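Q: Input file: work_33.cif. Contents: mmCIF, C-alpha atoms.
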data_coords
loop_
_atom_site.label_atom_id
_atom_site.label_comp_id
_atom_site.auth_asym_id
_atom_site.auth_seq_id
_atom_site.Cartn_x
_atom_site.Cartn_y
_atom_site.Cartn_z
CA MET A 279 -12.34 1.98 14.83
CA LEU A 280 -14.11 0.64 11.80
CA ASP A 281 -15.80 -2.71 12.10
CA LYS A 282 -16.77 -5.16 9.42
CA ILE A 283 -20.16 -3.55 8.84
CA ASP A 284 -18.58 -0.08 8.46
CA ARG A 285 -16.22 -1.49 5.84
CA ALA A 286 -19.06 -3.17 3.98
CA LEU A 287 -20.99 0.11 4.13
CA ILE A 288 -18.02 2.08 2.74
CA GLN A 289 -17.72 -0.44 -0.05
CA ALA A 290 -21.44 -0.25 -0.80
CA THR A 291 -21.34 3.54 -1.15
CA GLN A 292 -18.42 3.64 -3.56
CA ALA A 293 -20.47 3.26 -6.69
CA GLY A 294 -22.65 6.10 -5.37
CA LEU A 295 -25.84 6.22 -3.38
CA PRO A 296 -28.76 4.80 -5.32
CA LEU A 297 -31.12 7.35 -6.84
CA THR A 298 -34.16 5.91 -5.14
CA THR A 299 -36.46 7.78 -2.77
CA GLN A 300 -34.96 5.91 0.19
CA PRO A 301 -31.30 5.29 -0.75
CA TYR A 302 -30.19 4.44 2.78
CA HIS A 303 -32.89 1.78 2.92
CA THR A 304 -31.54 0.30 -0.32
CA LEU A 305 -28.03 0.12 1.21
CA ALA A 306 -29.48 -1.31 4.40
CA GLU A 307 -31.13 -4.13 2.50
CA GLN A 308 -27.87 -4.98 0.76
CA LEU A 309 -26.08 -5.12 4.10
CA GLY A 310 -28.79 -6.87 6.07
CA ILE A 311 -29.14 -4.09 8.65
CA CYS A 312 -31.82 -1.45 9.16
CA ALA A 313 -31.78 1.99 7.52
CA GLU A 314 -31.51 3.75 10.89
CA GLU A 315 -28.26 1.89 11.50
CA VAL A 316 -26.90 2.91 8.08
CA ILE A 317 -27.66 6.56 8.84
CA GLN A 318 -26.22 6.28 12.35
CA ARG A 319 -22.99 4.69 11.12
CA LEU A 320 -22.53 7.31 8.38
CA GLN A 321 -23.14 10.06 10.96
CA THR A 322 -20.56 8.51 13.33
CA MET A 323 -17.94 8.30 10.54
CA LEU A 324 -18.72 11.91 9.59
CA ASP A 325 -18.36 13.07 13.21
CA SER A 326 -15.05 11.26 13.65
CA GLY A 327 -13.63 12.63 10.39
CA ILE A 328 -13.36 9.32 8.54
CA ILE A 329 -15.92 10.71 6.12
CA ARG A 330 -15.04 14.25 5.07
CA ARG A 331 -18.32 15.09 3.40
CA ILE A 332 -21.37 13.44 1.90
CA GLY A 333 -22.70 14.96 -1.27
CA VAL A 334 -22.47 15.19 -5.01
CA VAL A 335 -18.92 14.55 -6.19
CA PRO A 336 -18.20 16.71 -9.24
CA ASN A 337 -16.03 15.61 -12.09
CA HIS A 338 -13.62 18.50 -12.67
CA TYR A 339 -12.97 17.52 -16.26
CA ALA A 340 -16.63 17.58 -17.19
CA LEU A 341 -17.03 21.05 -15.69
CA GLY A 342 -14.50 22.46 -18.12
CA TYR A 343 -11.41 22.30 -15.91
CA GLN A 344 -9.55 20.19 -18.42
CA ALA A 345 -6.02 21.45 -17.97
CA ASN A 346 -5.20 19.94 -14.65
CA GLY A 347 -1.56 19.90 -13.74
CA MET A 348 0.22 18.08 -10.97
CA THR A 349 2.82 20.60 -9.83
CA VAL A 350 5.76 19.25 -7.84
CA TRP A 351 8.11 21.37 -5.73
CA ASP A 352 11.49 20.84 -4.11
CA VAL A 353 10.98 22.80 -0.90
CA GLU A 354 13.48 23.09 1.96
CA SER A 355 12.34 20.50 4.50
CA GLU A 356 12.37 22.91 7.43
CA HIS A 357 9.87 25.18 5.63
CA VAL A 358 7.57 22.58 4.09
CA ASP A 359 4.91 22.71 6.85
CA GLU A 360 4.55 26.45 6.83
CA LEU A 361 4.66 26.78 3.03
CA GLY A 362 2.48 23.73 2.38
CA THR A 363 -0.23 25.26 4.57
CA GLN A 364 -0.14 28.44 2.47
CA ILE A 365 -0.25 26.57 -0.84
CA GLY A 366 -3.06 24.30 0.35
CA ALA A 367 -5.14 27.39 1.17
CA LEU A 368 -5.02 28.72 -2.42
CA ASP A 369 -8.42 28.46 -4.09
CA PHE A 370 -7.08 26.92 -7.31
CA VAL A 371 -5.27 24.08 -5.51
CA SER A 372 -7.48 21.03 -4.97
CA HIS A 373 -4.97 18.75 -3.27
CA CYS A 374 -1.71 19.60 -1.56
CA TYR A 375 0.45 16.90 -0.03
CA GLN A 376 3.92 16.45 1.37
CA ARG A 377 5.50 13.26 0.04
CA PRO A 378 8.97 11.79 0.57
CA ARG A 379 11.81 12.60 -1.79
CA HIS A 380 13.17 9.63 -3.71
CA LEU A 381 16.79 10.59 -4.28
CA PRO A 382 18.64 10.81 -6.52
CA GLU A 383 15.94 10.61 -9.20
CA TRP A 384 13.15 12.54 -7.48
CA SER A 385 13.81 15.57 -5.29
CA PHE A 386 10.26 16.98 -5.12
CA ASN A 387 8.59 16.84 -1.70
CA LEU A 388 5.48 19.01 -2.14
CA PHE A 389 2.67 18.17 -4.57
CA ALA A 390 -0.15 20.55 -5.51
CA MET A 391 -2.91 19.80 -8.03
CA VAL A 392 -3.71 22.95 -9.97
CA HIS A 393 -6.92 23.25 -12.00
CA GLY A 394 -7.57 25.53 -14.92
CA LYS A 395 -9.44 25.80 -18.19
CA SER A 396 -6.25 25.98 -20.26
CA ARG A 397 -2.59 25.17 -19.84
CA SER A 398 -1.67 28.84 -19.84
CA GLU A 399 -4.10 29.44 -16.97
CA VAL A 400 -2.58 26.54 -15.03
CA GLU A 401 0.94 27.83 -15.71
CA HIS A 402 0.00 31.31 -14.57
CA LYS A 403 -1.24 29.80 -11.30
CA MET A 404 1.94 27.77 -10.98
CA GLU A 405 3.93 31.00 -11.21
CA GLN A 406 1.89 32.41 -8.33
CA ILE A 407 2.91 29.39 -6.24
CA ALA A 408 6.55 29.87 -7.29
CA VAL A 409 6.45 33.48 -6.10
CA LEU A 410 4.94 32.40 -2.80
CA LEU A 411 7.61 29.75 -2.22
CA GLY A 412 10.41 32.11 -3.21
CA THR A 413 13.96 31.02 -2.46
CA HIS A 414 12.79 28.16 -0.19
CA CYS A 415 11.97 26.21 -3.37
CA HIS A 416 14.95 24.99 -5.38
CA GLN A 417 13.20 23.58 -8.44
CA TYR A 418 9.74 22.70 -9.69
CA GLN A 419 7.96 20.97 -12.53
CA ILE A 420 4.46 20.44 -13.84
CA LEU A 421 3.14 17.07 -14.98
CA TYR A 422 0.06 17.19 -17.17
CA SER A 423 -2.07 14.12 -17.46
CA SER A 424 -2.26 13.01 -21.06
CA ARG A 425 -4.83 10.30 -20.38
CA ILE A 426 -6.97 9.09 -17.50
CA LEU A 427 -6.40 5.36 -17.67
CA LYS A 428 -8.49 4.35 -14.68
CA LYS A 429 -10.58 6.20 -12.15
CA SER A 430 -12.80 4.32 -9.78
CA GLY A 431 -13.98 4.73 -6.23
CA LEU A 432 -12.01 3.56 -3.29
CA ARG A 433 -11.89 -0.17 -2.78
CA LEU A 434 -10.75 -2.00 0.29
CA ILE A 435 -8.60 -4.97 -0.52
CA MET B 146 -19.60 20.20 -20.81
CA LEU B 147 -19.40 23.60 -19.19
CA ALA B 148 -21.18 24.62 -16.02
CA SER B 149 -23.21 27.10 -18.08
CA SER B 150 -24.86 24.28 -20.04
CA LEU B 151 -26.44 22.84 -16.90
CA ASN B 152 -29.98 23.74 -16.02
CA THR B 153 -30.69 25.93 -13.02
CA LEU B 154 -31.68 23.07 -10.76
CA GLN B 155 -28.52 21.17 -11.64
CA GLN B 156 -26.36 24.21 -10.89
CA ARG B 157 -28.12 24.69 -7.55
CA LEU B 158 -27.63 21.04 -6.67
CA LEU B 159 -23.89 21.35 -7.40
CA GLU B 160 -23.62 24.58 -5.45
CA ASN B 161 -25.56 23.45 -2.41
CA PHE B 162 -24.99 19.74 -2.00
CA GLN B 163 -21.31 18.92 -2.31
CA HIS B 164 -21.52 18.63 1.50
CA ASN B 165 -24.40 18.04 3.78
CA LEU B 166 -26.41 15.61 1.73
CA PRO B 167 -29.18 15.10 4.26
CA LEU B 168 -28.83 11.97 6.41
CA SER B 169 -32.58 11.64 6.42
CA PRO B 170 -34.48 8.52 5.33
CA THR B 171 -35.56 10.47 2.24
CA PRO B 172 -32.59 12.72 1.41
CA TYR B 173 -33.69 13.68 -2.10
CA ALA B 174 -37.07 14.82 -0.78
CA ALA B 175 -35.25 16.89 1.88
CA MET B 176 -33.06 18.46 -0.84
CA ALA B 177 -36.15 19.15 -2.95
CA GLU B 178 -37.83 20.88 -0.03
CA GLN B 179 -34.80 23.13 0.53
CA LEU B 180 -34.77 24.08 -3.15
CA GLY B 181 -38.55 24.39 -3.50
CA VAL B 182 -38.94 21.67 -6.14
CA ASP B 183 -40.26 18.10 -6.28
CA GLU B 184 -38.32 15.04 -5.18
CA ALA B 185 -38.77 13.52 -8.66
CA GLN B 186 -37.14 16.59 -10.23
CA VAL B 187 -34.14 16.29 -7.92
CA ILE B 188 -33.72 12.59 -8.70
CA ALA B 189 -34.04 13.21 -12.45
CA ALA B 190 -31.55 16.11 -12.34
CA LEU B 191 -29.02 14.03 -10.39
CA ALA B 192 -29.45 11.06 -12.73
CA ASP B 193 -28.82 13.35 -15.70
CA LEU B 194 -25.69 14.84 -14.06
CA ARG B 195 -24.43 11.33 -13.42
CA ASP B 196 -25.23 10.08 -16.93
CA LYS B 197 -23.44 13.08 -18.46
CA LYS B 198 -20.52 12.43 -16.09
CA VAL B 199 -20.68 15.94 -14.66
CA ILE B 200 -20.65 14.23 -11.28
CA SER B 201 -18.86 10.98 -10.68
CA ARG B 202 -21.29 9.91 -7.95
CA ILE B 203 -23.34 10.98 -4.96
CA GLY B 204 -22.04 9.73 -1.66
CA PRO B 205 -19.42 9.98 1.06
CA VAL B 206 -15.90 11.28 0.39
CA PHE B 207 -13.43 9.60 2.71
CA LYS B 208 -10.43 11.24 4.29
CA PRO B 209 -7.27 9.62 2.89
CA HIS B 210 -5.36 7.27 5.19
CA ARG B 211 -8.22 6.90 7.62
CA ILE B 212 -9.24 3.56 6.18
CA GLY B 213 -6.42 1.36 5.07
CA THR B 214 -3.22 2.68 3.57
CA SER B 215 -2.24 4.01 0.17
CA THR B 216 0.59 5.39 -1.87
CA LEU B 217 1.17 7.34 -5.06
CA ALA B 218 3.30 5.19 -7.35
CA ALA B 219 5.19 6.28 -10.45
CA MET B 220 6.90 4.32 -13.20
CA SER B 221 9.02 5.27 -16.15
CA VAL B 222 7.79 3.08 -18.99
CA ALA B 223 9.14 2.89 -22.54
CA LYS B 224 6.65 4.52 -24.90
CA GLN B 225 5.99 1.36 -26.90
CA ASP B 226 5.21 -0.58 -23.68
CA LEU B 227 2.96 2.05 -22.12
CA SER B 228 -0.40 0.65 -23.24
CA ALA B 229 0.38 -2.91 -22.18
CA THR B 230 1.84 -1.82 -18.83
CA ALA B 231 -1.11 0.51 -18.19
CA ALA B 232 -3.56 -2.30 -18.95
CA PHE B 233 -1.77 -4.56 -16.48
CA ILE B 234 -1.77 -1.86 -13.77
CA ASN B 235 -5.48 -1.14 -14.39
CA SER B 236 -6.27 -4.81 -13.95
CA LEU B 237 -5.06 -4.75 -10.33
CA PRO B 238 -7.88 -4.34 -7.81
CA GLU B 239 -5.56 -2.29 -5.55
CA VAL B 240 -5.38 0.49 -8.19
CA ASN B 241 -8.15 3.07 -8.19
CA HIS B 242 -6.58 5.93 -10.13
CA ASN B 243 -4.12 5.64 -12.99
CA TYR B 244 -2.93 8.53 -15.15
CA ALA B 245 -0.56 8.77 -18.08
CA ARG B 246 1.51 11.92 -17.61
CA GLU B 247 3.82 13.84 -19.89
CA HIS B 248 7.09 13.22 -18.07
CA GLN B 249 9.96 10.75 -17.85
CA TYR B 250 7.80 9.20 -15.11
CA ASN B 251 4.85 8.67 -17.41
CA LEU B 252 2.59 6.34 -15.42
CA TRP B 253 1.19 7.53 -12.07
CA PHE B 254 -1.27 5.50 -10.04
CA VAL B 255 -2.70 5.25 -6.55
CA LEU B 256 -2.41 1.92 -4.75
CA THR B 257 -4.74 1.25 -1.83
CA ALA B 258 -4.65 -1.68 0.58
CA THR B 259 -5.76 -2.48 4.09
CA ASP B 260 -2.18 -2.66 5.39
CA ASP B 261 1.45 -1.81 4.51
CA ALA B 262 2.53 -5.43 4.03
CA HIS B 263 -0.05 -5.89 1.29
CA LEU B 264 1.00 -2.61 -0.32
CA ARG B 265 4.66 -3.67 -0.36
CA ALA B 266 3.74 -7.07 -1.79
CA VAL B 267 1.80 -5.48 -4.66
CA ILE B 268 4.69 -3.14 -5.46
CA SER B 269 7.15 -6.09 -5.57
CA MET B 270 4.76 -8.04 -7.76
CA ILE B 271 4.48 -5.11 -10.23
CA GLU B 272 8.27 -4.75 -10.32
CA ASN B 273 8.79 -8.47 -10.92
CA LYS B 274 6.14 -8.65 -13.59
CA THR B 275 7.21 -5.53 -15.52
CA GLY B 276 10.95 -5.39 -14.77
CA ILE B 277 10.51 -1.66 -14.03
CA SER B 278 11.09 -0.16 -10.60
CA VAL B 279 8.15 1.50 -8.89
CA MET B 280 8.75 4.80 -7.10
CA SER B 281 6.46 4.86 -4.07
CA LEU B 282 5.57 8.30 -2.68
CA PRO B 283 3.12 7.88 0.20
CA MET B 284 1.43 10.97 1.57
CA LEU B 285 3.27 12.28 4.65
CA HIS B 286 1.06 15.26 5.33
CA GLU B 287 -2.09 16.71 3.83
CA PHE B 288 -2.28 20.51 3.65
CA HIS B 289 -5.52 21.00 1.78
CA ILE B 290 -8.91 20.28 3.24
CA ASP B 291 -11.15 19.29 0.36
CA LEU B 292 -14.26 21.37 0.81
CA GLY B 293 -15.64 20.69 -2.62
CA PHE B 294 -15.40 22.61 -5.84
CA GLU B 295 -16.91 25.98 -6.66
CA LEU B 296 -18.81 26.30 -9.91
CA ASN B 297 -18.22 30.02 -10.24
CA HIS B 298 -14.48 29.57 -9.82
CA SER B 299 -12.81 31.78 -12.43
#
Kindly transcribe the structure held in the file into structure tokens.
A:
Amino acid sequence: MLDKIDRALIQATQAGLPLTTQPYHTLAEQLGICAEEVIQRLQTMLDSGIIRRIGVVPNHYALGYQANGMTVWDVESEHVDELGTQIGALDFVSHCYQRPRHLPEWSFNLFAMVHGKSRSEVEHKMEQIAVLLGTHCHQYQILYSSRILKKSGLRLI
Amino acid sequence: MLASSLNTLQQRLLENFQHNLPLSPTPYAAMAEQLGVDEAQVIAALADLRDKKVISRIGPVFKPHRIGTSTLAAMSVAKQDLSATAAFINSLPEVNHNYAREHQYNLWFVLTATDDAHLRAVISMIENKTGISVMSLPMLHEFHIDLGFELNHS
């Protein structure tokens, strides 16, 4: 389980590691612990899967993938595990989640973020997903983002 | 900003260090050694990537739902109220992502809190304040393992 120092460490890394020769030392000073402990705690969270990876975090938009669409799919519940696994494995899907339906207004239970350099590219990829889902999907839509209103690192409230 | 406009070192940093940033006391020096350049060049290249917003940051990426709890929330806001409602949503510390989307549900944001009670309280507060119901769609299952993003993705 995470303790108070882990949480403070997570918080301290959210703006990004400092670009100093010894960034873990800089974090350590902020937290009042030693750098070895910072490294050890990050390693432990990496080993336990709390941290997925440590590295440079690219901004898809800046790399030219500007036409990102949130595709949403109404997939038969008994097939969602099997089909979700297949969709999540596609190289153009960056996130794939099962979420609850919210009936009657929202019947979509599978979400897949599709990235492309143009809307037509994204829509072509969406068609590939539609073919893969076949008759187990009853309807689908794509929601383009028209504006990013806020994007910040994770905060723990 | 296209990947092709980055210099070679910047492309190599993006290709090689989306994972496995060295957990060494001097990680940028360790990266420099792997790439056969100087530590100062690595730091300058990373600072430039950050300043140009090609990368959002350098650091750990956390697995969702392993620390605290979160949900994807959607609202259907009248067009003339969208800016004011979005500004209110952005002002909440529990919100880390907020997107306007082209749909009847035109405001989509991620709410994060340390526990479910806090999450429910924030949702009620938003509904009371705006008079608009919030559709909460928490993640039930994650199918994709985020292994980073390939530059040569075509």
Q: Write out as a tab-separated table (two decimals) with C-alpha atoms, in the frame of the given file each polymer residue whose atoms come within 7 Å of Arg377 (chain A), counting only C-alpha atoms; drop sequence neighbours fewer than 6 positions from it.
A:
chain	number	residue	atom	x	y	z
A	387	ASN	CA	8.59	16.84	-1.70
A	388	LEU	CA	5.48	19.01	-2.14
B	282	LEU	CA	5.57	8.30	-2.68
B	283	PRO	CA	3.12	7.88	0.20
B	284	MET	CA	1.43	10.97	1.57
B	285	LEU	CA	3.27	12.28	4.65
Q: Return as a PyMOL selection string the residues belonging to chain B that are within 7 Å of chain A, counting all atoms listed in the file.
A: chain B and resi 146-148+159+162-166+168+170-171+173+188+198-208+211+235+239+241-248+258-259+282-289+291
Q: Check what the PyMOL selection byres ((chain B and resi 154) around 10) selects in the file above and give those residues as a list in words.
A: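 Going through the file, the PyMOL selection byres ((chain B and resi 154) around 10) ends up selecting Leu151, Asn152, Thr153, Gln155, Gln156, Arg157, Leu158, Leu159, Glu160, Ala177, Leu180, Val182, Gln186, Val187, Ala190 and Leu191 of chain B.
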Q: Between CA of Leu287 (chain A) and CA of Ala306 (chain A), measure the distance and give it in Å to one decimal.
A: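 Answer for the CA of Leu287 (chain A) to CA of Ala306 (chain A) separation: 8.6 Å.
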Q: Separation of CA of Lys282 (chain A) and CA of Phe254 (chain B), in Å?
A: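 If I compute the distance from CA of Lys282 (chain A) to CA of Phe254 (chain B), I get 27.1 Å.
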Q: Quick check, in Å to one decimal: how far apart do CA of Leu194 (chain B) and CA of Ser150 (chain B) lie?
A: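 Going from CA of Leu194 (chain B) over to CA of Ser150 (chain B) covers 11.2 Å.
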